[in-house]
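Undergrad: Have a peek at structure_1.csv (CSV, C-alpha atoms).
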chain,number,residue,atom,x,y,z
A,1,MET,CA,121.0,48.3,44.2
A,2,THR,CA,117.6,48.2,42.5
A,3,LEU,CA,115.9,50.6,40.2
A,4,SER,CA,113.5,51.4,42.9
A,5,GLN,CA,116.2,52.5,45.3
A,6,PRO,CA,118.8,54.9,43.7
A,7,SER,CA,121.8,55.3,46.0
A,8,ASP,CA,122.6,58.4,48.0
A,9,ALA,CA,125.6,59.1,45.8
A,10,SER,CA,123.1,60.3,43.1
A,11,PRO,CA,120.9,62.7,45.1
A,12,ALA,CA,119.3,64.2,41.9
A,13,ALA,CA,118.5,60.8,40.5
A,14,GLU,CA,115.0,60.0,41.2
A,15,LYS,CA,112.9,56.8,40.8
A,16,ILE,CA,109.4,57.2,39.5
A,17,ASP,CA,107.5,53.9,39.7
A,18,PHE,CA,104.1,53.6,38.0
A,19,LYS,CA,103.9,49.8,38.1
A,20,ALA,CA,100.5,49.8,39.7
A,21,SER,CA,98.8,51.3,36.6
A,22,GLN,CA,100.5,48.9,34.1
A,23,PRO,CA,98.1,47.0,31.9
A,24,ALA,CA,98.8,43.3,32.2
A,25,ALA,CA,99.3,42.8,28.5
A,26,GLU,CA,102.2,45.3,28.3
A,27,ARG,CA,105.8,44.2,28.9
A,28,MET,CA,107.4,46.3,31.6
A,29,ARG,CA,110.7,48.0,30.6
A,30,ALA,CA,113.4,49.8,32.6
A,31,VAL,CA,114.1,53.2,31.0
A,32,LEU,CA,116.6,55.8,32.1
A,33,ILE,CA,115.4,59.3,31.2
A,34,VAL,CA,118.2,61.8,31.0
A,35,ASP,CA,117.2,65.5,30.6
A,36,ASP,CA,118.1,68.7,32.5
A,37,ASP,CA,114.4,69.9,32.3
A,38,GLU,CA,112.4,68.6,35.2
A,39,MET,CA,109.1,69.0,33.3
A,40,VAL,CA,110.4,66.9,30.5
A,41,ARG,CA,111.5,64.2,32.9
A,42,ARG,CA,108.2,64.2,34.7
A,43,VAL,CA,106.0,64.2,31.5
A,44,SER,CA,108.2,61.5,29.9
A,45,SER,CA,107.9,59.4,33.1
A,46,ARG,CA,104.2,59.7,33.0
A,47,MET,CA,104.0,58.8,29.4
A,48,LEU,CA,105.9,55.7,30.2
A,49,SER,CA,103.7,54.7,33.1
A,50,GLY,CA,103.7,51.0,33.8
A,51,ASN,CA,107.5,50.8,33.3
A,52,ASP,CA,110.3,51.1,35.7
A,53,ILE,CA,111.6,54.6,35.3
A,54,LEU,CA,114.8,56.1,36.5
A,55,VAL,CA,115.7,59.7,35.8
A,56,ALA,CA,118.9,61.8,35.7
A,57,GLU,CA,119.6,65.5,35.2
A,58,SER,CA,122.8,65.2,33.1
A,59,GLY,CA,125.0,62.8,31.2
A,60,ASP,CA,127.4,62.7,34.1
A,61,GLU,CA,124.7,61.7,36.4
A,62,ALA,CA,123.3,59.1,33.9
A,63,CYS,CA,126.8,57.5,33.7
A,64,ARG,CA,127.1,57.5,37.5
A,65,VAL,CA,123.7,55.9,37.9
A,66,LEU,CA,124.5,53.2,35.3
A,67,ARG,CA,127.8,52.4,37.2
A,68,GLU,CA,125.9,52.2,40.5
A,69,LEU,CA,123.3,49.9,39.0
A,70,GLY,CA,125.9,47.3,38.1
A,71,ASN,CA,124.1,44.4,36.5
A,72,GLU,CA,120.6,45.7,37.2
A,73,PRO,CA,118.5,45.6,34.0
A,74,VAL,CA,118.1,48.8,32.0
A,75,ASP,CA,116.4,48.4,28.7
A,76,CYS,CA,116.9,51.8,27.1
A,77,VAL,CA,118.2,55.4,27.7
A,78,LEU,CA,116.3,58.4,26.5
A,79,LEU,CA,119.1,61.0,26.2
A,80,ASP,CA,118.4,64.7,25.7
A,81,MET,CA,120.9,66.3,23.2
A,82,LYS,CA,121.3,69.7,24.9
A,83,MET,CA,122.3,69.7,28.6
A,84,PRO,CA,124.9,71.4,30.7
A,85,GLY,CA,128.0,69.4,31.5
A,86,LEU,CA,128.9,66.5,29.2
A,87,SER,CA,128.0,67.0,25.6
A,88,PHE,CA,125.6,64.6,23.9
A,89,GLU,CA,128.5,62.8,22.2
A,90,GLU,CA,130.4,62.5,25.5
A,91,SER,CA,127.3,61.2,27.4
A,92,PHE,CA,126.6,58.7,24.6
A,93,GLU,CA,130.2,57.5,24.6
A,94,CYS,CA,130.2,57.1,28.4
A,95,ILE,CA,126.9,55.2,28.4
A,96,ARG,CA,128.2,52.8,25.8
A,97,LYS,CA,131.5,52.3,27.6
A,98,ILE,CA,129.5,51.2,30.7
A,99,ARG,CA,127.0,49.2,28.7
A,100,PRO,CA,128.1,48.6,25.1
A,101,ASP,CA,124.7,47.2,23.9
A,102,LEU,CA,122.4,49.5,25.8
A,103,PRO,CA,119.8,51.1,23.4
A,104,VAL,CA,119.9,54.9,23.4
A,105,VAL,CA,117.3,57.2,21.9
A,106,ALA,CA,118.5,60.8,21.2
A,107,CYS,CA,115.9,63.4,22.0
A,108,SER,CA,115.9,66.9,20.6
A,109,GLY,CA,113.7,69.7,19.4
A,110,ASN,CA,116.2,70.4,16.6
A,111,GLY,CA,115.3,67.5,14.3
A,112,PRO,CA,117.1,64.3,13.3
A,113,HIS,CA,119.8,66.3,11.4
A,114,SER,CA,121.2,67.4,14.8
A,115,VAL,CA,122.5,63.9,15.5
A,116,GLY,CA,125.9,63.1,14.0
A,117,ARG,CA,126.4,60.4,11.4
A,118,ASP,CA,128.5,58.4,14.0
A,119,PHE,CA,125.4,58.1,16.1
A,120,TYR,CA,123.2,56.9,13.3
A,121,ASP,CA,125.9,54.3,12.3
A,122,THR,CA,125.8,52.8,15.8
A,123,PRO,CA,123.5,49.9,16.4
A,124,ARG,CA,120.5,50.1,18.8
A,125,THR,CA,120.0,53.8,18.5
A,126,GLY,CA,117.1,56.0,17.6
A,127,PHE,CA,115.9,59.6,17.4
A,128,LEU,CA,112.8,61.2,19.0
A,129,GLY,CA,111.9,64.8,18.1
A,130,LYS,CA,110.4,67.1,20.8
A,131,PRO,CA,107.6,67.6,21.4
A,132,PHE,CA,106.5,63.9,21.1
A,133,THR,CA,103.4,61.9,21.8
A,134,ARG,CA,103.2,58.9,24.1
A,135,GLN,CA,103.0,56.6,21.1
A,136,GLU,CA,106.0,58.2,19.5
A,137,LEU,CA,108.0,57.8,22.7
A,138,ASN,CA,107.1,54.2,23.1
A,139,ASP,CA,107.7,53.4,19.4
A,140,ALA,CA,111.2,55.0,19.5
A,141,ILE,CA,112.1,53.0,22.6
A,142,ASP,CA,110.8,49.8,21.1
A,143,ARG,CA,112.6,50.3,17.8
A,144,ALA,CA,115.9,51.0,19.7
A,145,ILE,CA,115.4,47.9,21.9
A,146,LEU,CA,114.6,45.7,19.0
A,147,GLY,CA,117.6,47.0,17.1
A,148,SER,CA,115.5,48.6,14.3
A,149,GLY,CA,116.1,52.2,15.2
A,150,ALA,CA,118.2,54.9,13.5
A,151,GLY,CA,121.4,52.9,13.7
A,152,ASP,CA,120.1,49.7,12.1
For the structure just supplied, provide its representation as structure tokens.
TA:
Amino acid sequence: MTLSQPSDASPAAEKIDFKASQPAAERMRAVLIVDDDEMVRRVSSRMLSGNDILVAESGDEACRVLRELGNEPVDCVLLDMKMPGLSFEESFECIRKIRPDLPVVACSGNGPHSVGRDFYDTPRTGFLGKPFTRQELNDAIDRAILGSGAGD
């Protein structure tokens, strides 16, 4: 399976591809946006135009998508902290069981104190407060990918 073709097993997962508008100088990343709010998923996807974007509505769905992708590249997960279903901690644990080194950026309107100490002590993590700008989003993802985020 490729990022551009999510399987039927994840009907709510949706691929948003903005490659055509990517400036040639930028490196394309594959980012999984996990948020129960459709507007946040859409705006975040647009802010990351020029990258391969995969979206999921819940932690359960994000884990299912990562399993289905197998070895397909995913550079980072943007993970909302308040969603129905799995808690943030359960979602993060599931993601890291599937892909132990996958960078994860926690996203919340409640501030960085809302993330537990265990998260900050984990390598390749970061925090992004809502609302955020395009630059803040890209910077948080880059820091997590490079290993210089909250957990490093």
Undergrad: Find the residue from A:Cys94, A:Leu137, A:Met81, A:Cys76 that sits nearest to A:Thr125; use all atoms listed in the file when measuring.
TA: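 Nearest to A:Thr125: A:Cys76.
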Undergrad: When you count all atoms listed in the file, which of these residues is closest to A:Leu146: A:Leu78, A:Leu102, A:Val31, A:Val65?
TA: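 Closest to A:Leu146 of all the choices is A:Leu102.
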Undergrad: Closest to A:Lys97 among A:Val55, A:Gly70, A:Val40, A:Cys63, using only C-alpha atoms?
TA: A:Cys63
Undergrad: What does the structure give for the distance between atom CA of A:Lys130 and atom CA of A:Glu61, in Å to one decimal?
TA: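 Taking atom CA of A:Lys130 as the start and atom CA of A:Glu61 as the end point, the length is 21.8 Å.
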Undergrad: Enclose all atoms of stretch 94-112 of chain A listed in the file in an axis-aligned box, grow every side by 4 Å, and hand back centre and edge lengths in Å to one decimal, as lines of an AutoDock Vina configuration file.
TA:
center_x = 122.6
center_y = 58.8
center_z = 22.0
size_x = 25.8
size_y = 31.2
size_z = 25.4
Undergrad: Have a look at A:Leu48, A:Met39, A:Gly109, A:Leu66 and name the one nearest to A:Asp139; count only C-alpha atoms.
TA: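 Answer, going by the shortest atom-to-atom distance: A:Leu48.
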